[in-house]
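Coordinates as given in query.cif (mmCIF, C-alpha atoms):
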```
data_structure
loop_
_atom_site.label_atom_id
_atom_site.label_comp_id
_atom_site.auth_asym_id
_atom_site.auth_seq_id
_atom_site.Cartn_x
_atom_site.Cartn_y
_atom_site.Cartn_z
CA MET A 19 -68.95 168.63 -164.76
CA LYS A 20 -69.73 165.05 -165.72
CA SER A 21 -71.46 162.91 -163.14
CA PHE A 22 -69.55 160.03 -161.57
CA LYS A 23 -71.76 157.61 -163.52
CA ASN A 24 -70.91 159.27 -166.81
CA LEU A 25 -67.21 159.26 -166.00
CA ILE A 26 -67.34 155.53 -165.34
CA ALA A 27 -69.14 154.99 -168.66
CA ALA A 28 -66.63 157.14 -170.49
CA SER A 29 -63.70 155.25 -169.01
CA ALA A 30 -65.01 151.90 -170.22
CA LEU A 31 -63.48 152.52 -173.63
CA VAL A 32 -59.74 153.00 -173.95
CA ILE A 33 -58.24 154.31 -177.17
CA ALA A 34 -54.85 152.82 -178.03
CA GLY A 35 -53.01 153.08 -181.34
CA GLY A 36 -56.18 154.15 -183.16
CA ALA A 37 -58.01 150.90 -182.31
CA SER A 38 -60.64 150.57 -179.64
CA ALA A 39 -60.17 148.26 -176.65
CA PHE A 40 -62.42 147.61 -173.67
CA ALA A 41 -61.40 148.02 -170.03
CA ALA A 42 -62.96 144.63 -169.27
CA PRO A 43 -62.08 141.64 -171.53
CA VAL A 44 -64.59 141.10 -174.33
CA THR A 45 -65.43 137.58 -175.47
CA ILE A 46 -67.32 136.85 -178.67
CA GLY A 47 -68.49 133.41 -179.74
CA PHE A 48 -68.71 132.38 -183.39
CA SER A 49 -70.81 129.31 -184.15
CA PHE A 50 -70.32 127.91 -187.67
CA GLY A 51 -72.58 125.37 -189.30
CA GLN A 52 -69.40 123.87 -190.76
CA SER A 53 -65.86 125.15 -191.04
CA VAL A 54 -63.96 122.99 -193.55
CA HIS A 55 -65.29 124.66 -196.70
CA PRO A 56 -62.98 127.38 -198.09
CA PHE A 57 -65.81 129.95 -197.86
CA PHE A 58 -66.03 129.50 -194.11
CA ILE A 59 -62.26 129.26 -193.66
CA ALA A 60 -62.05 132.73 -195.21
CA MET A 61 -64.92 133.96 -193.02
CA GLU A 62 -63.22 132.67 -189.89
CA LYS A 63 -59.94 134.37 -190.85
CA GLY A 64 -61.75 137.68 -191.26
CA ALA A 65 -63.30 137.29 -187.83
CA ARG A 66 -59.99 136.29 -186.19
CA ASP A 67 -58.15 139.20 -187.80
CA ALA A 68 -60.77 141.67 -186.54
CA ALA A 69 -60.68 140.10 -183.07
CA LYS A 70 -56.89 140.40 -182.94
CA GLU A 71 -57.00 144.03 -184.08
CA ASN A 72 -59.47 144.87 -181.30
CA ASN A 73 -57.95 142.73 -178.52
CA VAL A 74 -61.04 140.52 -178.34
CA GLU A 75 -61.19 136.87 -177.34
CA LEU A 76 -62.91 134.91 -180.11
CA ILE A 77 -64.23 131.42 -179.38
CA VAL A 78 -64.96 129.50 -182.61
CA THR A 79 -67.05 126.34 -182.82
CA SER A 80 -68.23 124.20 -185.74
CA ALA A 81 -71.36 122.05 -185.96
CA ASN A 82 -70.00 119.83 -188.74
CA TYR A 83 -73.31 120.07 -190.65
CA LYS A 84 -75.41 118.83 -187.68
CA VAL A 85 -78.16 120.91 -186.09
CA GLU A 86 -77.85 119.18 -182.72
CA ASN A 87 -74.13 119.99 -182.63
CA GLN A 88 -74.77 123.64 -183.32
CA VAL A 89 -77.47 123.89 -180.65
CA ALA A 90 -75.05 122.35 -178.13
CA ASN A 91 -72.25 124.68 -179.28
CA ILE A 92 -74.42 127.76 -178.80
CA GLU A 93 -75.60 126.62 -175.39
CA ASN A 94 -71.97 126.09 -174.35
CA LEU A 95 -71.05 129.58 -175.55
CA MET A 96 -73.90 131.02 -173.49
CA VAL A 97 -72.64 129.14 -170.43
CA LYS A 98 -69.28 130.83 -171.01
CA LYS A 99 -71.15 134.16 -170.91
CA VAL A 100 -69.94 135.50 -174.22
CA ASP A 101 -70.67 139.18 -174.75
CA ALA A 102 -72.04 138.54 -178.24
CA LEU A 103 -72.76 135.57 -180.47
CA LEU A 104 -71.94 135.39 -184.18
CA LEU A 105 -73.96 132.70 -185.90
CA ASN A 106 -73.70 131.01 -189.28
CA PRO A 107 -76.66 128.60 -189.08
CA VAL A 108 -76.58 125.10 -190.52
CA ASP A 109 -80.40 125.30 -190.72
CA SER A 110 -82.29 128.60 -190.71
CA LYS A 111 -85.46 127.32 -189.03
CA ALA A 112 -83.98 124.78 -186.62
CA LEU A 113 -81.85 127.34 -184.76
CA ALA A 114 -84.75 129.65 -183.81
CA THR A 115 -85.32 128.11 -180.36
CA VAL A 116 -81.72 128.41 -179.18
CA VAL A 117 -81.48 131.96 -180.58
CA ALA A 118 -84.58 132.81 -178.56
CA LYS A 119 -82.71 131.56 -175.46
CA ALA A 120 -79.82 133.90 -176.25
CA ASN A 121 -82.31 136.75 -176.58
CA GLN A 122 -83.67 135.93 -173.12
CA LYS A 123 -80.15 136.12 -171.73
CA LYS A 124 -79.64 139.52 -173.41
CA ILE A 125 -76.82 138.17 -175.56
CA PRO A 126 -76.73 139.96 -178.93
CA VAL A 127 -76.92 137.54 -181.87
CA ILE A 128 -75.50 138.58 -185.24
CA THR A 129 -76.17 136.17 -188.11
CA VAL A 130 -73.56 135.90 -190.85
CA ASP A 131 -74.29 134.81 -194.45
CA ILE A 132 -77.39 132.83 -193.40
CA SER A 133 -80.23 134.23 -191.32
CA VAL A 134 -82.42 132.61 -188.66
CA MET A 135 -86.13 132.24 -189.33
CA GLY A 136 -88.44 132.53 -186.33
CA ALA A 137 -86.35 134.47 -183.82
CA PRO A 138 -85.12 138.09 -183.84
CA THR A 139 -81.42 138.90 -184.12
CA SER A 140 -79.45 142.11 -183.56
CA ALA A 141 -78.06 142.29 -187.10
CA HIS A 142 -77.57 140.24 -190.25
CA ILE A 143 -74.40 140.45 -192.37
CA ALA A 144 -74.61 138.94 -195.83
CA SER A 145 -74.56 139.41 -199.54
CA ASP A 146 -77.81 140.39 -201.23
CA ASN A 147 -78.67 136.80 -202.07
CA VAL A 148 -81.79 137.67 -204.02
CA GLU A 149 -79.62 139.83 -206.26
CA ILE A 150 -77.09 137.00 -206.57
CA GLY A 151 -79.85 134.86 -208.04
CA ARG A 152 -80.82 137.66 -210.42
CA MET A 153 -77.18 138.13 -211.52
CA ALA A 154 -76.84 134.44 -212.34
CA ALA A 155 -80.13 134.45 -214.25
CA ARG A 156 -79.24 137.55 -216.25
CA TYR A 157 -75.90 136.00 -217.24
CA ILE A 158 -77.66 132.84 -218.44
CA VAL A 159 -80.20 134.85 -220.44
CA GLN A 160 -77.38 136.83 -222.03
CA GLN A 161 -75.28 133.78 -222.88
CA THR A 162 -78.19 131.75 -224.32
CA GLY A 163 -80.04 134.54 -226.07
CA GLY A 164 -83.01 133.72 -223.87
CA LYS A 165 -83.49 130.20 -225.27
CA ALA A 166 -82.40 127.13 -223.28
CA THR A 167 -83.50 124.05 -221.37
CA LEU A 168 -82.47 124.45 -217.76
CA GLY A 169 -81.99 122.33 -214.66
CA PHE A 170 -81.79 123.83 -211.17
CA ILE A 171 -79.96 122.53 -208.09
CA GLY A 172 -80.86 124.29 -204.84
CA VAL A 173 -80.61 123.97 -201.07
CA GLU A 174 -83.90 124.18 -199.19
CA THR A 175 -82.72 124.47 -195.58
CA VAL A 176 -80.94 127.83 -195.42
CA SER A 177 -82.10 131.37 -196.11
CA SER A 178 -79.25 132.39 -198.42
CA THR A 179 -79.86 129.70 -201.02
CA LEU A 180 -83.63 130.13 -200.81
CA ASP A 181 -83.12 133.83 -201.56
CA ARG A 182 -80.87 132.99 -204.50
CA ALA A 183 -83.59 130.74 -205.89
CA LYS A 184 -86.13 133.54 -205.42
CA GLY A 185 -84.05 136.06 -207.38
CA PHE A 186 -83.19 133.51 -210.05
CA PHE A 187 -86.78 132.50 -210.78
CA GLU A 188 -87.90 136.13 -210.67
CA ILE A 189 -85.77 136.79 -213.77
CA MET A 190 -86.58 133.44 -215.38
CA ASP A 191 -90.30 134.16 -215.13
CA GLN A 192 -89.64 137.06 -217.48
CA ASN A 193 -87.90 134.79 -220.01
CA PRO A 194 -90.31 132.11 -221.23
CA GLY A 195 -87.83 130.99 -223.88
CA ILE A 196 -85.82 129.29 -221.13
CA LYS A 197 -87.64 126.11 -220.14
CA ILE A 198 -87.01 124.93 -216.56
CA VAL A 199 -87.53 121.19 -216.72
CA ALA A 200 -85.96 119.97 -213.45
CA LYS A 201 -85.48 121.23 -209.89
CA TYR A 202 -83.43 119.38 -207.30
CA GLY A 203 -82.59 120.27 -203.70
CA ASN A 204 -79.46 118.41 -202.61
CA GLY A 205 -76.89 121.09 -203.35
CA MET A 206 -75.35 121.39 -199.88
CA GLU A 207 -72.58 118.91 -200.73
CA ARG A 208 -70.93 117.92 -204.00
CA GLU A 209 -71.71 114.20 -204.12
CA PRO A 210 -75.49 114.55 -203.62
CA ALA A 211 -75.47 117.40 -206.15
CA MET A 212 -73.62 115.18 -208.62
CA ASN A 213 -76.21 112.44 -208.10
CA ASP A 214 -78.99 114.96 -208.66
CA THR A 215 -77.37 116.08 -211.90
CA GLU A 216 -76.92 112.52 -213.16
CA ASN A 217 -80.60 111.86 -212.51
CA MET A 218 -81.49 115.16 -214.18
CA LEU A 219 -79.54 114.41 -217.34
CA THR A 220 -80.94 110.90 -217.54
CA ALA A 221 -84.53 112.14 -217.25
CA HIS A 222 -83.95 115.27 -219.34
CA PRO A 223 -81.12 114.74 -221.83
CA ASP A 224 -82.05 118.00 -223.55
CA VAL A 225 -80.85 120.09 -220.56
CA ASN A 226 -78.11 122.46 -221.75
CA VAL A 227 -77.91 124.89 -218.79
CA ILE A 228 -77.56 124.16 -215.06
CA TYR A 229 -77.71 126.71 -212.25
CA GLY A 230 -76.37 125.69 -208.86
CA VAL A 231 -77.05 128.00 -205.92
CA ASN A 232 -73.62 127.46 -204.34
CA GLU A 233 -70.18 126.06 -205.05
CA SER A 234 -71.03 122.49 -204.08
CA SER A 235 -74.03 122.27 -206.39
CA ALA A 236 -72.17 123.74 -209.36
CA LEU A 237 -69.08 121.56 -208.96
CA GLY A 238 -71.20 118.49 -208.26
CA ALA A 239 -72.99 119.23 -211.53
CA LEU A 240 -69.61 119.56 -213.26
CA GLY A 241 -68.64 116.08 -212.08
CA ALA A 242 -71.80 114.59 -213.57
CA VAL A 243 -71.45 116.54 -216.81
CA ARG A 244 -67.89 115.28 -217.22
CA SER A 245 -68.90 111.67 -216.52
CA LYS A 246 -71.50 111.88 -219.31
CA ASN A 247 -69.18 113.74 -221.70
CA ARG A 248 -71.71 116.55 -222.05
CA ASN A 249 -69.48 119.33 -223.33
CA ASP A 250 -72.50 121.30 -224.54
CA ILE A 251 -73.76 122.26 -221.05
CA LEU A 252 -73.34 125.69 -219.44
CA ILE A 253 -73.03 125.68 -215.63
CA VAL A 254 -73.31 128.78 -213.43
CA GLY A 255 -72.72 128.71 -209.67
CA VAL A 256 -72.02 130.90 -206.65
CA ASP A 257 -68.80 131.55 -204.67
CA THR A 258 -65.12 131.76 -205.52
CA THR A 259 -63.48 128.72 -203.96
CA PRO A 260 -60.14 127.58 -205.42
CA ASP A 261 -61.83 124.66 -207.22
CA MET A 262 -64.54 126.89 -208.68
CA LEU A 263 -62.08 129.50 -209.92
CA ALA A 264 -59.80 126.83 -211.37
CA ALA A 265 -62.75 125.32 -213.25
CA ILE A 266 -63.67 128.71 -214.71
CA LYS A 267 -60.10 129.59 -215.66
CA ALA A 268 -59.65 126.19 -217.33
CA LYS A 269 -62.78 126.90 -219.43
CA THR A 270 -64.74 123.87 -218.27
CA ALA A 271 -68.55 123.72 -218.38
CA VAL A 272 -68.56 126.06 -215.35
CA LYS A 273 -68.47 129.38 -217.15
CA ALA A 274 -69.33 131.82 -214.36
CA THR A 275 -69.91 132.25 -210.66
CA ILE A 276 -71.06 135.05 -208.38
CA ALA A 277 -68.31 136.20 -206.01
CA GLN A 278 -69.03 137.01 -202.39
CA ASP A 279 -66.52 138.24 -199.80
CA PRO A 280 -66.59 135.84 -196.84
CA TYR A 281 -63.47 137.38 -195.28
CA LEU A 282 -65.20 140.75 -195.15
CA MET A 283 -68.32 139.12 -193.71
CA GLY A 284 -66.34 137.66 -190.80
CA LYS A 285 -64.44 140.88 -190.18
CA THR A 286 -67.60 142.98 -190.30
CA ALA A 287 -69.36 140.57 -187.96
CA VAL A 288 -66.81 141.10 -185.18
CA GLU A 289 -66.76 144.86 -185.73
CA THR A 290 -70.56 144.97 -185.63
CA ALA A 291 -70.66 142.93 -182.43
CA LEU A 292 -68.29 145.42 -180.78
CA LYS A 293 -70.51 148.32 -181.77
CA ILE A 294 -73.53 146.60 -180.27
CA ILE A 295 -71.64 145.78 -177.05
CA LYS A 296 -70.71 149.49 -176.79
CA GLY A 297 -74.39 150.40 -177.11
CA GLU A 298 -74.18 151.81 -180.63
CA SER A 299 -77.00 151.43 -183.14
CA VAL A 300 -76.30 149.27 -186.18
CA PRO A 301 -78.38 148.56 -189.31
CA ALA A 302 -80.58 145.47 -189.18
CA VAL A 303 -79.02 144.24 -192.43
CA ILE A 304 -75.42 144.99 -193.44
CA PRO A 305 -74.79 144.06 -197.09
CA VAL A 306 -71.48 142.79 -198.47
CA LYS A 307 -70.56 143.34 -202.13
CA THR A 308 -70.89 140.74 -204.90
CA ASP A 309 -69.58 140.46 -208.45
CA LEU A 310 -69.87 138.27 -211.55
CA VAL A 311 -66.75 136.19 -212.23
CA ASN A 312 -65.89 134.58 -215.56
CA ALA A 313 -62.70 133.53 -217.36
CA GLU A 314 -61.76 137.16 -217.96
CA ASN A 315 -61.51 138.20 -214.29
CA ALA A 316 -61.06 134.86 -212.51
CA GLN A 317 -57.35 135.45 -211.86
CA SER A 318 -58.03 138.59 -209.86
CA TYR A 319 -60.22 136.56 -207.50
CA ILE A 320 -57.65 133.77 -207.31
CA THR A 321 -55.17 136.41 -206.12
CA ARG A 322 -57.67 137.97 -203.69
CA ASP A 323 -58.77 134.71 -202.15
CA ALA A 324 -55.21 133.37 -201.73
CA GLN A 325 -54.80 135.98 -198.97
CA TYR A 326 -57.85 134.60 -197.18
CA TYR A 327 -56.39 131.13 -196.73
CA LYS A 328 -53.07 132.23 -195.23
CA LYS A 329 -52.56 131.32 -191.58
#
```

Output the file's structure as structure tokens, nothing else.
Amino acid sequence: MKSFKNLIAASALVIAGGASAFAAPVTIGFSFGQSVHPFFIAMEKGARDAAKENNVELIVTSANYKVENQVANIENLMVKKVDALLLNPVDSKALATVVAKANQKKIPVITVDISVMGAPTSAHIASDNVEIGRMAARYIVQQTGGKATLGFIGVETVSSTLDRAKGFFEIMDQNPGIKIVAKYGNGMEREPAMNDTENMLTAHPDVNVIYGVNESSALGALGAVRSKNRNDILIVGVDTTPDMLAAIKAKTAVKATIAQDPYLMGKTAVETALKIIKGESVPAVIPVKTDLVNAENAQSYITRDAQYYKK
């Protein structure tokens, strides 16, 4: 016969309609670095859909690109005694201290898309960003025959884009026929990325390939390329936002991007948090699939992503 303690533990989980629900209400907090970008809108929808399926209260906050806002948001979520914290950091290093506070309070922290540097977390859900960088580099090598003059636009404050740069340069180091003549780091938003590209093309008019580590850097580069009437430049980016896919389908200078699945990231994050709350073991890193997108398969991603933006 089960002990009274074991019976209590067993009764904590109620099975209803094939989905798990907890006897006590479960509250999960999700702290976004920003939430207006289509990538994060899709991620939030995935998280909300998973929360609804599992009868979980989901509290969503956005830092609007500011570290101090995100620190305050996380501290407020801890005051509300959330059972788990999902975190998409605006800055990988700057969030370590507040994550350490969550660890002290025994609140599981699951990072999504971007990791935290300097504090342990319970799990990390993301694409293989090093491989994303490799995929972009291999495409460029293939399209150029291994001979080009290249400019790079990165983001130096978050783990995902640093990993993409790592994978990209790993492949480029094996292809000396591609000369990398410029590296810029303002790819977080389109306008700074456009300014970087204008400066790049002024200083290095022989650049004929640009790699941007995200959507903003690639589309910022496109704006600068258009303003200079440089129809000879090949741009490769990351992510499948509506603007990015439209640019690829229209056969602009943006010829390819690497697709992630932000909806699946958000959904998996909530499901992983529930497993941790139940005391189950989860992998330290949970990968989400990626794919190369060009004009040939862009429409399939336009169709996929349209579902992610529905209310």

Nearest to Ala68 of chain A by atom-to-atom distance, counting only C-alpha atoms, from A:Val134, A:Ile46, A:Leu263, A:Gln278: A:Ile46

Near-Val300 of chain A list (9 Å; only C-alpha atoms; drop same-chain fewer than 6 positions) as a count of residues only: 5

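The residue set within 8 Å of Thr215 of chain A, counting all atoms listed in the file and dropping same-chain residues fewer than 4 places from it, reads Ile171, Ala211, Leu219, Gly238, Ala239, Ala242 and Val243 of chain A.
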
What does the file look like for those residues with C-alpha atoms, as a short mmCIF file (atom, residue, chain, number, x, y, z; two decimals), in the frame of the given file?
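out_2.cif, written as the output of this step:
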```cif
data_model
loop_
_atom_site.label_atom_id
_atom_site.label_comp_id
_atom_site.auth_asym_id
_atom_site.auth_seq_id
_atom_site.Cartn_x
_atom_site.Cartn_y
_atom_site.Cartn_z
CA ILE A 171 -79.96 122.53 -208.09
CA ALA A 211 -75.47 117.40 -206.15
CA LEU A 219 -79.54 114.41 -217.34
CA GLY A 238 -71.20 118.49 -208.26
CA ALA A 239 -72.99 119.23 -211.53
CA ALA A 242 -71.80 114.59 -213.57
CA VAL A 243 -71.45 116.54 -216.81
#
```

The PyMOL selection byres ((chain A and resi 183) around 9) applied to the shown file, residues as an mmCIF file with C-alpha atoms, in the frame of the given file:
```
data_model
loop_
_atom_site.group_PDB
_atom_site.id
_atom_site.type_symbol
_atom_site.label_atom_id
_atom_site.label_comp_id
_atom_site.auth_asym_id
_atom_site.auth_seq_id
_atom_site.Cartn_x
_atom_site.Cartn_y
_atom_site.Cartn_z
ATOM 1 C CA ASN A 147 -78.670 136.800 -202.070
ATOM 2 C CA VAL A 148 -81.790 137.670 -204.020
ATOM 3 C CA GLY A 151 -79.850 134.860 -208.040
ATOM 4 C CA ARG A 152 -80.820 137.660 -210.420
ATOM 5 C CA PHE A 170 -81.790 123.830 -211.170
ATOM 6 C CA GLY A 172 -80.860 124.290 -204.840
ATOM 7 C CA VAL A 173 -80.610 123.970 -201.070
ATOM 8 C CA SER A 178 -79.250 132.390 -198.420
ATOM 9 C CA THR A 179 -79.860 129.700 -201.020
ATOM 10 C CA LEU A 180 -83.630 130.130 -200.810
ATOM 11 C CA ASP A 181 -83.120 133.830 -201.560
ATOM 12 C CA ARG A 182 -80.870 132.990 -204.500
ATOM 13 C CA LYS A 184 -86.130 133.540 -205.420
ATOM 14 C CA GLY A 185 -84.050 136.060 -207.380
ATOM 15 C CA PHE A 186 -83.190 133.510 -210.050
ATOM 16 C CA PHE A 187 -86.780 132.500 -210.780
ATOM 17 C CA GLU A 188 -87.900 136.130 -210.670
ATOM 18 C CA VAL A 231 -77.050 128.000 -205.920
#
```

Within 12 Å of segment 314-329 of chain A using all atoms listed in the file, minus same-chain residues under 3 positions, as a ChimeraX atom specification: /A:54-67,257-269,272-285,308-311

Please write the residues from the selection above to a file, keeping C-alpha atoms, as an mmCIF file, in the coordinates of the input.
```
data_model
loop_
_atom_site.group_PDB
_atom_site.id
_atom_site.type_symbol
_atom_site.label_atom_id
_atom_site.label_comp_id
_atom_site.auth_asym_id
_atom_site.auth_seq_id
_atom_site.Cartn_x
_atom_site.Cartn_y
_atom_site.Cartn_z
ATOM 1 C CA VAL A 54 -63.960 122.990 -193.550
ATOM 2 C CA HIS A 55 -65.290 124.660 -196.700
ATOM 3 C CA PRO A 56 -62.980 127.380 -198.090
ATOM 4 C CA PHE A 57 -65.810 129.950 -197.860
ATOM 5 C CA PHE A 58 -66.030 129.500 -194.110
ATOM 6 C CA ILE A 59 -62.260 129.260 -193.660
ATOM 7 C CA ALA A 60 -62.050 132.730 -195.210
ATOM 8 C CA MET A 61 -64.920 133.960 -193.020
ATOM 9 C CA GLU A 62 -63.220 132.670 -189.890
ATOM 10 C CA LYS A 63 -59.940 134.370 -190.850
ATOM 11 C CA GLY A 64 -61.750 137.680 -191.260
ATOM 12 C CA ALA A 65 -63.300 137.290 -187.830
ATOM 13 C CA ARG A 66 -59.990 136.290 -186.190
ATOM 14 C CA ASP A 67 -58.150 139.200 -187.800
ATOM 15 C CA ASP A 257 -68.800 131.550 -204.670
ATOM 16 C CA THR A 258 -65.120 131.760 -205.520
ATOM 17 C CA THR A 259 -63.480 128.720 -203.960
ATOM 18 C CA PRO A 260 -60.140 127.580 -205.420
ATOM 19 C CA ASP A 261 -61.830 124.660 -207.220
ATOM 20 C CA MET A 262 -64.540 126.890 -208.680
ATOM 21 C CA LEU A 263 -62.080 129.500 -209.920
ATOM 22 C CA ALA A 264 -59.800 126.830 -211.370
ATOM 23 C CA ALA A 265 -62.750 125.320 -213.250
ATOM 24 C CA ILE A 266 -63.670 128.710 -214.710
ATOM 25 C CA LYS A 267 -60.100 129.590 -215.660
ATOM 26 C CA ALA A 268 -59.650 126.190 -217.330
ATOM 27 C CA LYS A 269 -62.780 126.900 -219.430
ATOM 28 C CA VAL A 272 -68.560 126.060 -215.350
ATOM 29 C CA LYS A 273 -68.470 129.380 -217.150
ATOM 30 C CA ALA A 274 -69.330 131.820 -214.360
ATOM 31 C CA THR A 275 -69.910 132.250 -210.660
ATOM 32 C CA ILE A 276 -71.060 135.050 -208.380
ATOM 33 C CA ALA A 277 -68.310 136.200 -206.010
ATOM 34 C CA GLN A 278 -69.030 137.010 -202.390
ATOM 35 C CA ASP A 279 -66.520 138.240 -199.800
ATOM 36 C CA PRO A 280 -66.590 135.840 -196.840
ATOM 37 C CA TYR A 281 -63.470 137.380 -195.280
ATOM 38 C CA LEU A 282 -65.200 140.750 -195.150
ATOM 39 C CA MET A 283 -68.320 139.120 -193.710
ATOM 40 C CA GLY A 284 -66.340 137.660 -190.800
ATOM 41 C CA LYS A 285 -64.440 140.880 -190.180
ATOM 42 C CA THR A 308 -70.890 140.740 -204.900
ATOM 43 C CA ASP A 309 -69.580 140.460 -208.450
ATOM 44 C CA LEU A 310 -69.870 138.270 -211.550
ATOM 45 C CA VAL A 311 -66.750 136.190 -212.230
#
```

Convert the output of the PyMOL selection byres ((chain A and resi 107-114) around 9) on the shown file into explicit residues, formatted as a CSV table (one decimal) with C-alpha atoms, in the frame of the given file.
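Once everything was written out, this is selection-v3.csv:
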```csv
chain,number,residue,atom,x,y,z
A,49,SER,CA,-70.8,129.3,-184.2
A,50,PHE,CA,-70.3,127.9,-187.7
A,51,GLY,CA,-72.6,125.4,-189.3
A,52,GLN,CA,-69.4,123.9,-190.8
A,81,ALA,CA,-71.4,122.0,-186.0
A,82,ASN,CA,-70.0,119.8,-188.7
A,83,TYR,CA,-73.3,120.1,-190.6
A,84,LYS,CA,-75.4,118.8,-187.7
A,85,VAL,CA,-78.2,120.9,-186.1
A,88,GLN,CA,-74.8,123.6,-183.3
A,89,VAL,CA,-77.5,123.9,-180.6
A,105,LEU,CA,-74.0,132.7,-185.9
A,106,ASN,CA,-73.7,131.0,-189.3
A,115,THR,CA,-85.3,128.1,-180.4
A,116,VAL,CA,-81.7,128.4,-179.2
A,117,VAL,CA,-81.5,132.0,-180.6
A,118,ALA,CA,-84.6,132.8,-178.6
A,119,LYS,CA,-82.7,131.6,-175.5
A,129,THR,CA,-76.2,136.2,-188.1
A,130,VAL,CA,-73.6,135.9,-190.8
A,131,ASP,CA,-74.3,134.8,-194.4
A,132,ILE,CA,-77.4,132.8,-193.4
A,133,SER,CA,-80.2,134.2,-191.3
A,134,VAL,CA,-82.4,132.6,-188.7
A,135,MET,CA,-86.1,132.2,-189.3
A,136,GLY,CA,-88.4,132.5,-186.3
A,137,ALA,CA,-86.4,134.5,-183.8
A,138,PRO,CA,-85.1,138.1,-183.8
A,175,THR,CA,-82.7,124.5,-195.6
A,176,VAL,CA,-80.9,127.8,-195.4
A,177,SER,CA,-82.1,131.4,-196.1
```

Residue nearest Arg248 of chain A - candidates A:Leu95, A:Ala236, A:Met153, A:Val227, atoms counted: all atoms listed in the file: A:Val227

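The residues returned by the PyMOL selection byres ((chain A and resi 197) around 12) on the shown structure are Val159, Thr162, Gly164, Lys165, Ala166, Thr167, Leu168, Gly169, Phe170, Phe187, Met190, Asp191, Gln192, Asn193, Pro194, Gly195, Ile196, Ile198, Val199, Ala200, Lys201, His222, Asp224, Val225, Asn226, Val227 and Ile228 of chain A.
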
Once you have the residues from the selection above, write them out as a PDB file, keeping the file's coordinate frame, restricted to C-alpha atoms.
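Below you can see part.pdb, which holds the result:
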```
ATOM      1  CA  VAL A 159     -80.200 134.850-220.440  1.00  0.00           C
ATOM      2  CA  THR A 162     -78.190 131.750-224.320  1.00  0.00           C
ATOM      3  CA  GLY A 164     -83.010 133.720-223.870  1.00  0.00           C
ATOM      4  CA  LYS A 165     -83.490 130.200-225.270  1.00  0.00           C
ATOM      5  CA  ALA A 166     -82.400 127.130-223.280  1.00  0.00           C
ATOM      6  CA  THR A 167     -83.500 124.050-221.370  1.00  0.00           C
ATOM      7  CA  LEU A 168     -82.470 124.450-217.760  1.00  0.00           C
ATOM      8  CA  GLY A 169     -81.990 122.330-214.660  1.00  0.00           C
ATOM      9  CA  PHE A 170     -81.790 123.830-211.170  1.00  0.00           C
ATOM     10  CA  PHE A 187     -86.780 132.500-210.780  1.00  0.00           C
ATOM     11  CA  MET A 190     -86.580 133.440-215.380  1.00  0.00           C
ATOM     12  CA  ASP A 191     -90.300 134.160-215.130  1.00  0.00           C
ATOM     13  CA  GLN A 192     -89.640 137.060-217.480  1.00  0.00           C
ATOM     14  CA  ASN A 193     -87.900 134.790-220.010  1.00  0.00           C
ATOM     15  CA  PRO A 194     -90.310 132.110-221.230  1.00  0.00           C
ATOM     16  CA  GLY A 195     -87.830 130.990-223.880  1.00  0.00           C
ATOM     17  CA  ILE A 196     -85.820 129.290-221.130  1.00  0.00           C
ATOM     18  CA  ILE A 198     -87.010 124.930-216.560  1.00  0.00           C
ATOM     19  CA  VAL A 199     -87.530 121.190-216.720  1.00  0.00           C
ATOM     20  CA  ALA A 200     -85.960 119.970-213.450  1.00  0.00           C
ATOM     21  CA  LYS A 201     -85.480 121.230-209.890  1.00  0.00           C
ATOM     22  CA  HIS A 222     -83.950 115.270-219.340  1.00  0.00           C
ATOM     23  CA  ASP A 224     -82.050 118.000-223.550  1.00  0.00           C
ATOM     24  CA  VAL A 225     -80.850 120.090-220.560  1.00  0.00           C
ATOM     25  CA  ASN A 226     -78.110 122.460-221.750  1.00  0.00           C
ATOM     26  CA  VAL A 227     -77.910 124.890-218.790  1.00  0.00           C
ATOM     27  CA  ILE A 228     -77.560 124.160-215.060  1.00  0.00           C
TER      28      ILE A 228
END
```

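For Val44 of chain A, the set of protein, DNA and RNA residues having any atom at most 10 Å away, when counting all atoms listed in the file and skipping those fewer than 4 positions along the same chain, is Ala39, Phe40, Ala69, Asn72, Asn73, Val74, Glu75, Leu76, Val100, Asp101, Ala102, Leu292 and Ile295 of chain A.
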
File dump, residues just selected, C-alpha atoms, as a PDB file, in the frame of the given file:
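The result, written out as out_18.pdb:
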```
ATOM      1  CA  ALA A  39     -60.170 148.260-176.650  1.00  0.00           C
ATOM      2  CA  PHE A  40     -62.420 147.610-173.670  1.00  0.00           C
ATOM      3  CA  ALA A  69     -60.680 140.100-183.070  1.00  0.00           C
ATOM      4  CA  ASN A  72     -59.470 144.870-181.300  1.00  0.00           C
ATOM      5  CA  ASN A  73     -57.950 142.730-178.520  1.00  0.00           C
ATOM      6  CA  VAL A  74     -61.040 140.520-178.340  1.00  0.00           C
ATOM      7  CA  GLU A  75     -61.190 136.870-177.340  1.00  0.00           C
ATOM      8  CA  LEU A  76     -62.910 134.910-180.110  1.00  0.00           C
ATOM      9  CA  VAL A 100     -69.940 135.500-174.220  1.00  0.00           C
ATOM     10  CA  ASP A 101     -70.670 139.180-174.750  1.00  0.00           C
ATOM     11  CA  ALA A 102     -72.040 138.540-178.240  1.00  0.00           C
ATOM     12  CA  LEU A 292     -68.290 145.420-180.780  1.00  0.00           C
ATOM     13  CA  ILE A 295     -71.640 145.780-177.050  1.00  0.00           C
TER      14      ILE A 295
END
```

Residues within 12 Å of Asn94 of chain A, all atoms listed in the file, excluding chain neighbours under 2 positions, as a ChimeraX atom specification: /A:47-49,77-79,87-92,96-100,103,116,120

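Of the listed residues (A:Ile253, A:Val288, A:Leu104, A:Met212), A:Leu104 comes nearest to Ile128 of chain A; the distances count all atoms listed in the file.
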